[in-house]
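Everything below concerns the one structure shown next.
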Amino acid sequence: MVTRQDWGAVLVPEGVRFTLYSEHAEAVEVCLFDSPCGEKEHRRVALESRSGGIWQGLVAGIGAGQLYGFRVHGSFDPGRGHRFNPSKLLTDPYALALTGEPPLDDAFSGSHPDDAEAADLRDTGSIAAKSIVVDRQFDWQGDALPATSWEKTIIYECHVRGMSKAHPDVPESLRGTYAGLVSEPVLDHLSALGITAIELLPVQQIASEPQLQRRGLQNYFGYSPLGFFAPHAGYASDPLGGQVAEFKSMVRGLHRRGIEVILDLVLNHTAEGDALGRTLSLRGIDNLTYYRLHKEDPRLYADITGCGNSIAADHPVVARLLVDCLRYWAEEMHVDGFRLDLAVTLGRTDDGFSAQAPFFELLSSDPVLARRKLIAEPWDLGTDGYQLGQFPTGWSEWNDRFRDTTRRAWRCDPTSGVAFSRTFDGSPEIFEESGKGAEASIHFITCHDGFTLEDLVSYERKNNWDNGEDNRDGHDHNLSHNWGIEGPAESPEIRERRARAKRNMLATVLLSAGVPMLQHGDELGRSQGGNNNAYCQDGPLTWVDWGTDSEIVEFVERLIALRTRLAPFSGVDNQPGERLWLAATGKPLDLEPENHDAVVGLMLHRPARTHLLIFNLSDQDSHFQLPQQQRAGRWNCVLSTVHSAARPHEGSTRMVEALSTSVLEFEAEPVSTVHTK
């Protein structure tokens, strides 16, 4: 009996057993290679057809490190959805490691350049990426998952290569690698900030798009996957098979510091592109099974991802492949959670998006994955592609409403304190209806996609000329503000306005009731020169610059430490709490949508302490009536985006500067004790 855990290449005492699924294939061969490139296979072995579309065979006398690929025979009939072409060497969908990215070569085209209905017969065996048989044994040395609760989670989105590539204290041989990410200087920085989880941009094996390769660029972000299970070879010190062990060592090193590992996985499409794209894996294995095709014309792909193709996640075999992928990263690679790119695509059926789609149902019933952190990017490019708040129970979601509301507020747009308060509280009007709390709302101001925080306050126009697309790529609607001049500024006044805007946005995301996420280098003032779509830039433009803004680093450290005291989630650590939004008059805030108060406060009352957060979203100084407490005492300012040092407060009102955030803590006077005999 073949179980799903046996698919791919599995080491057995006699050699290696290969298993592949192709419902419509006529024959399948596994091809063995002695080196990654420059030669054809030295041996082909036909796999036997089993029931249910399974092809399997045992090859004796080989073991770990063996390079292989598949050739799948069948009809080349795009009009019926079939694109079989045994001239193309195909990577194993279950491969645990690949030799790297395929080069730029027109031979990867599945169809003839002069006739789209005919197969291209050029052989790719010598140039295609090879799958690698991997020995799964690894000494985890007692590794344990940190299992940090959502309430205590601080996410740091970062790129494996970009995080350490320019760090002067990381050994040069390790810069830009999995090992470099867990070098002591990088780990010390993350620990000092108070980060509890890193969210890694895609680490699956990347295959950069030919249009980028022709311009001398590559898909740096990694949203062009070739192997769902395989760590990207380019991030390993030993790229020929060593990437699996090095990735595991990285996870183990982060766990030792109490830092969880969340992977940004791309399961919605592959690097094979559209109907004119490359034949690298799934297209040649069983195009009709693995991809969502146009019903009217199966020659065409239903491109709801913007990447040329979309995975048919509602097909039971494909849904199982995706869940097996997550299960592998969780169980064998010890990953703590996943952020799924364009996750709406994974929930699509013939009737549209459904929270009960096959992929979600399989995932929710899996005993391992049900205990991992699951984060959705709740949109794709298809009809009804925006599904914020509609994912199954147990999922968290990137909340772009929080991002946009916060950006508008701190660039001095006319802002409603009510709208600000709702997103600050985790958008309960969106998530509570489905029984979710603030842990379902991932709060961010910036991420890999768009301006950095420094550029958000320095540029009002994108500057993507280096991408080679005449600045047509990237978003035009950034809700950014340059505070007087485009780009770097020498004026102390402009620089201070920008610094205050950054502090306000950082305070908003880190003190909010949702789960906060920072983008790597924002705490260091990292700039991309106004490039808001740097997906194809691998260089100093995107690498973290470790010699920049130390003042913001210190401010972020203070904010994260303060968040622990504020406990912005109600009922944290079983402490009953009260959250009350106030108007500047000190009275409860009128939460009707037509209320446009721009000065608001949030009182967080816990049995042992009371805090007051005051937000002045206007461009005018104002006064805030401080709420009276049952005990005598005074309000002390413990953080301000205007004043760097804490200072005591006297009186019943507080002057709050324009565009500022203040955090006050109530200090009660000691209770007098009367002694009697």
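Chain labels follow the order of the structure tokens: the first chain is A, the next B, and so on; residue numbering restarts at 1 in every chain, and ligands are counted from 1 in their shown order.
Secondary structure by DSSP on the backbone puts the following residues of region 418-488 of chain A in helix (DSSP H, G or I): Val418, Ala419, Phe420, Ser421, Arg422, Thr423, Phe424, Pro428, Glu429, Ile430, Phe431, Glu432, Glu433, Ser434, Ala438, Glu439, Ala440, Leu453, Glu454, Asp455, Leu456, Trp465, Asp466 and Asn467 of chain A.
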Those residues with C-alpha atoms, as a PDB file, in the first residue's frame please?
ATOM      1  CA  VAL A 418     -13.503  56.035  15.338  1.00  0.00           C
ATOM      2  CA  ALA A 419     -12.067  54.371  12.227  1.00  0.00           C
ATOM      3  CA  PHE A 420      -8.607  54.531  13.782  1.00  0.00           C
ATOM      4  CA  SER A 421      -9.857  52.948  17.021  1.00  0.00           C
ATOM      5  CA  ARG A 422     -11.593  50.095  15.211  1.00  0.00           C
ATOM      6  CA  THR A 423      -8.536  49.023  13.247  1.00  0.00           C
ATOM      7  CA  PHE A 424      -6.325  49.562  16.310  1.00  0.00           C
ATOM      8  CA  PRO A 428     -13.706  43.474  15.371  1.00  0.00           C
ATOM      9  CA  GLU A 429     -16.468  44.384  12.916  1.00  0.00           C
ATOM     10  CA  ILE A 430     -14.691  42.090  10.431  1.00  0.00           C
ATOM     11  CA  PHE A 431     -13.401  39.260  12.599  1.00  0.00           C
ATOM     12  CA  GLU A 432     -15.787  39.001  15.548  1.00  0.00           C
ATOM     13  CA  GLU A 433     -18.694  38.057  13.299  1.00  0.00           C
ATOM     14  CA  SER A 434     -16.963  34.742  12.632  1.00  0.00           C
ATOM     15  CA  ALA A 438      -7.749  40.289  17.684  1.00  0.00           C
ATOM     16  CA  GLU A 439      -5.273  37.442  17.148  1.00  0.00           C
ATOM     17  CA  ALA A 440      -6.857  36.989  13.714  1.00  0.00           C
ATOM     18  CA  LEU A 453       9.097  52.777   6.394  1.00  0.00           C
ATOM     19  CA  GLU A 454      11.850  55.282   5.605  1.00  0.00           C
ATOM     20  CA  ASP A 455      10.630  55.642   2.025  1.00  0.00           C
ATOM     21  CA  LEU A 456       7.014  55.909   3.162  1.00  0.00           C
ATOM     22  CA  TRP A 465      13.453  52.568 -12.907  1.00  0.00           C
ATOM     23  CA  ASP A 466      16.085  49.953 -12.024  1.00  0.00           C
ATOM     24  CA  ASN A 467      13.504  47.203 -12.570  1.00  0.00           C
TER      25      ASN A 467
END
Any chance you could list, as JSON, numbers by chain, the residues in region 343-418 of chain A that come up strand (DSSP E or B) when DSSP is run on the backbone? {"A": [348, 349, 352, 353, 373, 374, 375, 376, 379, 386, 395, 396, 397, 398]}
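Rounded to one decimal, CA of Pro168 (chain A) and CA of Arg558 (chain A) lie 25.3 Å from each other.
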Within 9 Å of region 612-627 of chain A using only C-alpha atoms, minus same-chain residues under 5 positions, as a PyMOL selection string: chain A and resi 409-417+504+582-587+597-605+635+651-666
Atom pair CA of Lys502 (chain A) / CA of Ile262 (chain A): separation (Å): 25.7 Å
